[in-house]
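Novice: Here you go, structure_9.csv (CSV, C-alpha atoms and all ligand atoms):
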```csv
chain,number,residue,atom,x,y,z
V,1,MET,CA,92.7,94.9,90.8
V,2,THR,CA,94.7,97.8,89.4
V,3,MET,CA,95.5,101.3,90.6
V,4,MET,CA,95.3,103.7,87.6
V,5,ILE,CA,95.7,107.5,87.6
V,6,SER,CA,94.2,109.3,84.7
V,7,VAL,CA,96.6,112.1,83.6
V,8,GLU,CA,94.7,113.2,80.5
V,9,SER,CA,93.8,116.5,82.0
V,10,ILE,CA,97.4,117.7,82.3
V,11,ARG,CA,98.8,115.9,79.3
V,12,ASN,CA,99.1,119.0,77.1
V,13,GLU,CA,99.9,121.3,80.0
V,14,PRO,CA,103.7,121.3,80.8
V,15,GLY,CA,104.1,122.2,84.4
V,16,GLY,CA,100.6,121.0,85.2
V,17,GLN,CA,99.9,118.9,88.2
V,18,LEU,CA,97.2,116.9,89.8
V,19,CYS,CA,96.5,115.0,93.0
V,20,ARG,CA,94.6,111.7,93.4
V,21,THR,CA,93.8,109.6,96.4
V,22,LEU,CA,93.3,105.9,95.5
V,23,PRO,CA,92.4,102.9,97.6
V,24,VAL,CA,95.3,100.4,97.7
V,25,GLU,CA,94.0,97.7,95.5
V,26,ILE,CA,96.7,95.1,95.6
V,27,PRO,CA,95.8,91.4,95.8
V,28,SER,CA,96.9,89.4,98.8
V,29,PHE,CA,100.3,87.8,98.4
V,30,ARG,CA,102.6,85.4,100.2
V,31,MET,CA,105.8,86.5,101.7
V,32,ARG,CA,108.3,84.3,103.7
V,33,GLY,CA,105.5,81.7,104.0
V,34,ALA,CA,102.9,84.1,105.4
V,35,GLU,CA,99.8,85.5,103.7
V,36,MET,CA,99.8,89.3,103.4
V,37,GLU,CA,96.3,90.8,103.0
V,38,ILE,CA,96.0,94.5,102.3
V,39,LEU,CA,93.2,95.9,104.5
V,40,GLU,CA,90.4,97.8,102.7
V,41,ASP,CA,90.8,101.1,104.4
V,42,SER,CA,94.3,101.6,103.1
V,43,GLU,CA,94.7,104.7,100.8
V,44,MET,CA,97.5,106.4,99.1
V,45,ALA,CA,97.8,109.9,97.8
V,46,PHE,CA,99.5,110.6,94.5
V,47,HIS,CA,100.9,113.8,93.0
V,48,VAL,CA,101.6,113.9,89.3
V,49,TYR,CA,103.6,116.6,87.6
V,50,ARG,CA,103.7,117.0,83.8
V,51,LEU,CA,107.3,117.2,82.5
V,52,GLU,CA,108.7,117.6,79.1
V,53,GLY,CA,108.3,114.1,77.5
V,54,GLY,CA,107.3,112.4,80.8
V,55,TRP,CA,105.8,112.6,84.2
V,56,TYR,CA,107.0,113.0,87.8
V,57,LEU,CA,105.0,110.8,90.2
V,58,MET,CA,105.0,110.9,94.0
V,59,GLY,CA,103.1,108.4,96.1
V,60,GLN,CA,102.5,108.4,99.8
V,61,GLY,CA,100.3,106.7,102.4
V,62,ASP,CA,100.0,104.2,105.2
V,63,VAL,CA,99.1,100.7,104.2
V,64,SER,CA,97.5,98.3,106.7
V,65,ILE,CA,98.2,94.6,106.3
V,66,ARG,CA,96.8,91.6,108.0
V,67,THR,CA,99.1,88.6,108.4
V,68,VAL,CA,100.3,86.1,111.1
V,69,CYS,CA,102.6,86.8,113.9
V,70,SER,CA,106.0,85.1,113.3
V,71,ARG,CA,106.3,84.3,117.1
V,72,CYS,CA,102.8,83.0,118.2
V,73,LEU,CA,101.2,82.3,114.7
V,74,GLU,CA,98.1,84.3,115.7
V,75,GLU,CA,96.7,87.1,113.6
V,76,ALA,CA,98.8,90.2,113.4
V,77,GLU,CA,98.1,93.6,111.8
V,78,LEU,CA,100.7,96.1,110.9
V,79,THR,CA,100.8,99.5,109.1
V,80,VAL,CA,103.7,100.3,106.9
V,81,PRO,CA,104.4,103.9,105.7
V,82,ILE,CA,104.9,104.0,101.9
V,83,SER,CA,106.6,107.0,100.2
V,84,PHE,CA,108.2,107.0,96.8
V,85,SER,CA,108.8,109.2,93.7
V,86,GLU,CA,109.9,108.4,90.2
V,87,GLU,CA,110.1,109.8,86.7
V,88,ILE,CA,108.0,108.0,84.1
V,89,PRO,CA,108.7,108.6,80.4
V,90,ASP,CA,105.7,109.1,78.1
V,91,GLN,CA,106.3,105.7,76.5
V,92,GLU,CA,105.4,103.9,79.7
V,93,VAL,CA,102.1,105.6,80.1
V,94,GLU,CA,99.1,103.5,79.1
V,95,ILE,CA,96.7,105.0,76.6
V,96,ARG,CA,93.2,103.8,76.8
V,97,PRO,CA,90.2,104.9,74.7
V,98,ALA,CA,88.0,107.2,76.8
V,99,ALA,CA,84.8,105.4,77.9
V,100,ARG,CA,81.6,106.7,76.4
V,101,GLU,CA,78.2,105.2,76.8
V,102,ASP,CA,77.2,105.9,73.2
V,103,ARG,CA,80.1,104.0,71.7
V,104,GLY,CA,78.1,101.1,70.5
V,105,LEU,CA,75.5,103.3,68.8
V,106,ARG,CA,77.7,105.2,66.4
V,107,PRO,CA,77.1,104.5,62.8
V,108,GLU,CA,79.8,102.7,60.8
V,109,GLY,CA,82.4,104.8,59.2
V,110,VAL,CA,82.0,107.7,61.6
V,111,VAL,CA,85.2,108.6,63.3
V,112,PRO,CA,84.4,109.0,67.0
V,113,ASP,CA,85.3,112.3,68.6
V,114,LEU,CA,86.9,110.7,71.7
V,115,ARG,CA,90.0,111.8,73.3
V,116,ASP,CA,92.4,109.1,74.5
V,117,ASP,CA,92.8,108.7,78.2
V,118,TYR,CA,96.4,108.7,79.3
V,119,GLN,CA,96.8,106.7,82.5
V,120,ILE,CA,99.6,105.8,84.8
V,121,ASP,CA,99.4,102.3,86.2
V,122,VAL,CA,101.0,102.4,89.7
V,123,THR,CA,99.9,98.9,90.7
V,124,GLN,CA,103.3,97.2,90.3
V,125,ARG,CA,105.3,100.0,91.9
V,126,VAL,CA,103.0,100.2,94.9
V,127,ARG,CA,103.2,96.4,95.4
V,128,GLU,CA,107.0,96.5,95.3
V,129,GLU,CA,107.1,99.4,97.8
V,130,ILE,CA,104.8,97.5,100.2
V,131,ILE,CA,107.0,94.4,99.9
V,132,LEU,CA,110.1,96.4,100.7
V,133,ALA,CA,108.4,98.1,103.7
V,134,ILE,CA,107.3,94.9,105.5
V,135,PRO,CA,109.8,94.0,108.3
V,136,LEU,CA,111.6,90.7,108.2
V,137,LYS,CA,109.8,89.5,111.3
V,138,VAL,CA,106.2,90.6,111.8
V,139,THR,CA,104.9,90.2,115.3
V,140,CYS,CA,101.5,90.8,116.9
V,141,GLY,CA,103.2,93.2,119.3
V,142,SER,CA,106.6,93.7,120.8
V,143,GLU,CA,105.4,92.0,124.0
V,144,CYS,CA,104.5,88.7,122.2
V,145,ARG,CA,105.9,85.8,124.2
V,146,GLY,CA,105.5,83.4,121.3
V,147,LEU,CA,105.1,79.7,121.5
V,148,CYS,CA,106.9,77.4,124.0
V,149,PRO,CA,109.6,75.7,121.9
V,150,GLU,CA,109.1,72.5,123.9
V,151,CYS,CA,105.3,72.0,123.9
V,152,GLY,CA,103.9,74.7,121.6
V,153,THR,CA,101.8,76.4,124.2
V,154,ASN,CA,100.9,80.0,123.3
V,155,LEU,CA,102.7,81.7,126.1
V,156,ASN,CA,100.6,84.9,125.7
V,157,ARG,CA,97.6,83.0,126.9
V,158,GLU,CA,98.9,80.5,129.5
V,159,ALA,CA,102.1,79.2,131.1
V,160,CYS,CA,103.3,75.7,130.6
V,161,GLU,CA,105.2,73.3,132.7
V,162,CYS,CA,108.3,73.2,130.6
V,163,GLU,CA,111.6,74.4,132.0
V,164,ASP,CA,112.2,76.9,129.3
V,165,THR,CA,108.9,78.8,129.7
V,166,ASP,CA,110.6,82.1,130.7
V,167,ILE,CA,113.0,82.0,127.7
V,168,ASP,CA,113.0,85.2,125.7
V,169,PRO,CA,111.3,84.4,122.4
V,170,ARG,CA,114.2,86.2,120.6
V,171,MET,CA,116.5,83.7,122.3
V,172,ALA,CA,114.4,80.7,121.4
V,173,GLU,CA,115.8,80.5,117.9
V,174,LEU,CA,119.3,80.7,119.2
V,175,GLU,CA,118.5,77.8,121.6
V,176,GLU,CA,117.0,75.9,118.7
V,177,LEU,CA,120.1,76.4,116.7
V,178,LYS,CA,122.4,75.3,119.6
V,179,ARG,CA,120.3,72.2,120.1
V,180,SER,CA,120.4,71.2,116.5
V,181,LEU,CA,124.2,71.8,116.4
V,182,SER,CA,124.8,69.7,119.4
V,183,GLU,CA,122.6,66.9,118.1
V,184,GLY,CA,124.1,67.0,114.6
V,185,GLY,CA,127.7,67.1,115.9
V,186,GLY,CA,127.2,64.5,118.6
V,187,ARG,CA,129.8,61.7,118.6
Q,201,ZN,ZN,102.4,87.0,118.6
Q,202,ZN,ZN,106.0,74.2,127.2
```
Go ahead and render the structure in this file as structure tokens.
Specialist:
Amino acid sequence: MTMMISVESIRNEPGGQLCRTLPVEIPSFRMRGAEMEILEDSEMAFHVYRLEGGWYLMGQGDVSIRTVCSRCLEEAELTVPISFSEEIPDQEVEIRPAAREDRGLRPEGVVPDLRDDYQIDVTQRVREEIILAIPLKVTCGSECRGLCPECGTNLNREACECEDTDIDPRMAELEELKRSLSEGGGR
């Protein structure tokens, strides 16, 4: 899975520019213990400008991700806006031989008349931008009530009999901390 932009068409054209839309082909990865899966309909638009000795790249798009809610542990989807720009020197642009179907048929000793294909690999940069854009705590929705800290009941679906059922899920961690402190420090 790589995201490559062919820039061959403007390589010898200072000031030239091109636009490409690519599907976001980034393998799933784990982050803070949760699997992050990029959804198939995610696309990004790239603009490339030919500079003297390099390239100016801009990338923009909304990336949809499927993961788990940090409060209730059910499936959660989020969309993160991605936007970046960078200058890339010529040395960092990959050069690949242009693909031609008749390659295997050429007689030995004949120099092929193939232009190299200059490509910018944006895979790593896009992956980094996605990681930066994912919030610290992903939830299935701002209204998620999370799990009961006592019995583990999913409070979005049903109530439980525990005393703390109406506790704000954001407070649950604080309560947890207080409890562990009082237990640990007990004389
Ligand atoms: Zn949730
Ligand atoms: Zn409970």
Novice: Would you tabulate, counting all atoms listed in the file, all residues of chain V that have an atom at most 9 Å from an atom of ligand ZN 202 (chain Q), showing the closest pair of atoms and their distance in Å to one decimal, sorted by chain then ascending number, as JSON lines?
Specialist:
```
{"residue": "V:Leu147", "atom": "CA", "partner": "Q:ZN202", "partner_atom": "ZN", "distance": 8.0}
{"residue": "V:Cys148", "atom": "CA", "partner": "Q:ZN202", "partner_atom": "ZN", "distance": 4.6}
{"residue": "V:Pro149", "atom": "CA", "partner": "Q:ZN202", "partner_atom": "ZN", "distance": 6.6}
{"residue": "V:Glu150", "atom": "CA", "partner": "Q:ZN202", "partner_atom": "ZN", "distance": 4.8}
{"residue": "V:Cys151", "atom": "CA", "partner": "Q:ZN202", "partner_atom": "ZN", "distance": 4.0}
{"residue": "V:Gly152", "atom": "CA", "partner": "Q:ZN202", "partner_atom": "ZN", "distance": 6.0}
{"residue": "V:Thr153", "atom": "CA", "partner": "Q:ZN202", "partner_atom": "ZN", "distance": 5.6}
{"residue": "V:Asn154", "atom": "CA", "partner": "Q:ZN202", "partner_atom": "ZN", "distance": 8.7}
{"residue": "V:Leu155", "atom": "CA", "partner": "Q:ZN202", "partner_atom": "ZN", "distance": 8.3}
{"residue": "V:Ala159", "atom": "CA", "partner": "Q:ZN202", "partner_atom": "ZN", "distance": 7.4}
{"residue": "V:Cys160", "atom": "CA", "partner": "Q:ZN202", "partner_atom": "ZN", "distance": 4.6}
{"residue": "V:Glu161", "atom": "CA", "partner": "Q:ZN202", "partner_atom": "ZN", "distance": 5.6}
{"residue": "V:Cys162", "atom": "CA", "partner": "Q:ZN202", "partner_atom": "ZN", "distance": 4.2}
{"residue": "V:Glu163", "atom": "CA", "partner": "Q:ZN202", "partner_atom": "ZN", "distance": 7.4}
{"residue": "V:Asp164", "atom": "CA", "partner": "Q:ZN202", "partner_atom": "ZN", "distance": 7.1}
{"residue": "V:Thr165", "atom": "CA", "partner": "Q:ZN202", "partner_atom": "ZN", "distance": 6.0}
```
Novice: Write out, as a Markdown table, each residue of chain V that has an atom at most 6 Å from ligand ZN 201 (chain Q), together with the closest pair of atoms and their distance in Å to one decimal, counting only C-alpha atoms and all ligand atoms, rows going by chain and rising number.
Specialist:
```
| residue | atom | partner | partner_atom | distance |
| --- | --- | --- | --- | --- |
| V:Cys69 | CA | Q:ZN201 | ZN | 4.7 |
| V:Arg71 | CA | Q:ZN201 | ZN | 5.0 |
| V:Cys72 | CA | Q:ZN201 | ZN | 4.0 |
| V:Glu74 | CA | Q:ZN201 | ZN | 5.8 |
| V:Thr139 | CA | Q:ZN201 | ZN | 5.2 |
| V:Cys140 | CA | Q:ZN201 | ZN | 4.3 |
| V:Cys144 | CA | Q:ZN201 | ZN | 4.5 |
| V:Gly146 | CA | Q:ZN201 | ZN | 5.5 |
```
Novice: Need the shell around V:Val126: protein/DNA/RNA residues with any atom at most 9 Å away, counting only C-alpha atoms. Skip same-chain ones fewer than 6 positions apart. Format as a list in words?
Specialist: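 That gives Met3, Val24, Ile26, Gly59, Ile82 and Phe84 of chain V.
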Novice: Could you check how far atom CA of V:Leu39 sits from atom CA of V:Gln119, in Å to one decimal?
Specialist: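 If I compute the distance from atom CA of V:Leu39 to atom CA of V:Gln119, I get 24.8 Å.
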Novice: With distances taken over only C-alpha atoms, which residue among V:Asp62, V:Asp117, V:Ile38, V:Glu52 lies nearest V:Ser9?
Specialist: V:Asp117
Novice: Could you tell me how far atom CA of V:Arg127 lies from atom CA of V:Glu87, in Å and to one decimal?
Specialist: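 Pair atom CA of V:Arg127 / atom CA of V:Glu87 returns 17.4 Å.
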Novice: Hey, which of V:Glu25, V:Arg20, V:Met1, V:Gly33 ends up closest to V:Leu136? Count all atoms listed in the file.
Specialist: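 So, comparing all the options, the nearest one is V:Gly33.
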Novice: Report the distance between atom CA of V:Asp90 and atom CA of V:Tyr118 in Å, rounded to one decimal place.
Specialist: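 If I compute the distance from atom CA of V:Asp90 to atom CA of V:Tyr118, I get 9.4 Å.
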Novice: So, with only C-alpha atoms as the atoms that count, which of V:Leu73, V:Ile5, V:Ile65, V:Val138 lies closest to V:Asn156?
Specialist: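 Of the candidates, the smallest distance to V:Asn156 is held by V:Leu73.
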Novice: Counting only C-alpha atoms, figure out which residue out of V:Pro14, V:Pro27, V:Pro135, V:Gly61 gets nearest to V:Thr123.
Specialist: V:Pro27
Novice: Give me the residues near V:Met58 as a list in words, where near means some atom within 8 Å (using all atoms listed in the file) and where sequence neighbours in that chain fewer than 6 positions away do not count.
Specialist: Phe46, His47, Val48, Ser83, Phe84, Ser85 and Glu86 of chain V
Novice: Between V:Thr67, V:Thr21, V:Gln60, V:Ser42, which one has atoms that come closest to V:Glu129, using all atoms listed in the file?
Specialist: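 Checking each of V:Thr67, V:Thr21, V:Gln60, V:Ser42 against V:Glu129, counting all atoms listed in the file, the winner is V:Gln60.
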Novice: What's the 10 Å shell around V:Glu8, counting only C-alpha atoms, without same-chain residues fewer than 4 positions away, as a list in words?
Specialist: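 Residues meeting the cut-off are Asn12, Glu13, Ile95, Ala98, Arg115, Asp116, Asp117, Tyr118, Gln119 and Ile120 of chain V.
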Novice: Step by step: locate stretch 37-59 of chain V in the block above, keep N, CA and C atoms, then write the file as a tab-separated table (two decimals), in the first residue's frame.
Specialist:
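Dumped to result.tsv:
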```
chain	number	residue	atom	x	y	z
V	37	GLU	N	-8.33	1.87	11.68
V	37	GLU	CA	-8.51	1.38	10.31
V	37	GLU	C	-8.99	2.53	9.42
V	38	ILE	N	-8.22	2.82	8.37
V	38	ILE	CA	-8.62	3.88	7.45
V	38	ILE	C	-9.74	3.35	6.56
V	39	LEU	N	-10.85	4.08	6.50
V	39	LEU	CA	-11.97	3.60	5.70
V	39	LEU	C	-11.73	3.87	4.21
V	40	GLU	N	-12.29	2.96	3.41
V	40	GLU	CA	-11.96	2.93	1.98
V	40	GLU	C	-12.35	4.19	1.20
V	41	ASP	N	-13.38	4.90	1.67
V	41	ASP	CA	-13.83	6.04	0.88
V	41	ASP	C	-13.00	7.30	1.13
V	42	SER	N	-11.94	7.17	1.93
V	42	SER	CA	-11.11	8.35	2.22
V	42	SER	C	-10.24	8.71	1.02
V	43	GLU	N	-10.26	9.99	0.68
V	43	GLU	CA	-9.46	10.47	-0.44
V	43	GLU	C	-8.73	11.75	-0.04
V	44	MET	N	-7.61	11.98	-0.69
V	44	MET	CA	-6.91	13.24	-0.48
V	44	MET	C	-6.54	13.86	-1.83
V	45	ALA	N	-6.59	15.18	-1.86
V	45	ALA	CA	-6.21	15.91	-3.08
V	45	ALA	C	-4.80	16.46	-2.89
V	46	PHE	N	-3.99	16.31	-3.91
V	46	PHE	CA	-2.61	16.80	-3.85
V	46	PHE	C	-2.36	17.79	-4.99
V	47	HIS	N	-1.67	18.87	-4.65
V	47	HIS	CA	-1.22	19.82	-5.66
V	47	HIS	C	0.29	19.83	-5.62
V	48	VAL	N	0.90	19.70	-6.78
V	48	VAL	CA	2.36	19.68	-6.86
V	48	VAL	C	2.81	20.81	-7.78
V	49	TYR	N	3.78	21.60	-7.31
V	49	TYR	CA	4.34	22.67	-8.12
V	49	TYR	C	5.81	22.38	-8.37
V	50	ARG	N	6.25	22.57	-9.59
V	50	ARG	CA	7.65	22.34	-9.91
V	50	ARG	C	8.46	23.58	-9.53
V	51	LEU	N	9.46	23.38	-8.68
V	51	LEU	CA	10.35	24.47	-8.29
V	51	LEU	C	11.71	24.24	-8.92
V	52	GLU	N	12.60	25.18	-8.71
V	52	GLU	CA	13.99	25.01	-9.14
V	52	GLU	C	14.65	23.98	-8.21
V	53	GLY	N	14.98	22.82	-8.74
V	53	GLY	CA	15.67	21.80	-7.93
V	53	GLY	C	14.79	21.07	-6.92
V	54	GLY	N	13.51	21.23	-7.03
V	54	GLY	CA	12.65	20.54	-6.09
V	54	GLY	C	11.18	20.68	-6.43
V	55	TRP	N	10.35	20.42	-5.43
V	55	TRP	CA	8.91	20.37	-5.63
V	55	TRP	C	8.22	20.96	-4.42
V	56	TYR	N	7.08	21.59	-4.65
V	56	TYR	CA	6.25	22.05	-3.53
V	56	TYR	C	4.98	21.23	-3.55
V	57	LEU	N	4.72	20.56	-2.43
V	57	LEU	CA	3.58	19.63	-2.35
V	57	LEU	C	2.57	20.11	-1.32
V	58	MET	N	1.30	20.11	-1.71
V	58	MET	CA	0.23	20.40	-0.76
V	58	MET	C	-0.75	19.23	-0.78
V	59	GLY	N	-1.15	18.80	0.40
V	59	GLY	CA	-2.11	17.69	0.50
V	59	GLY	C	-3.27	18.09	1.39
```
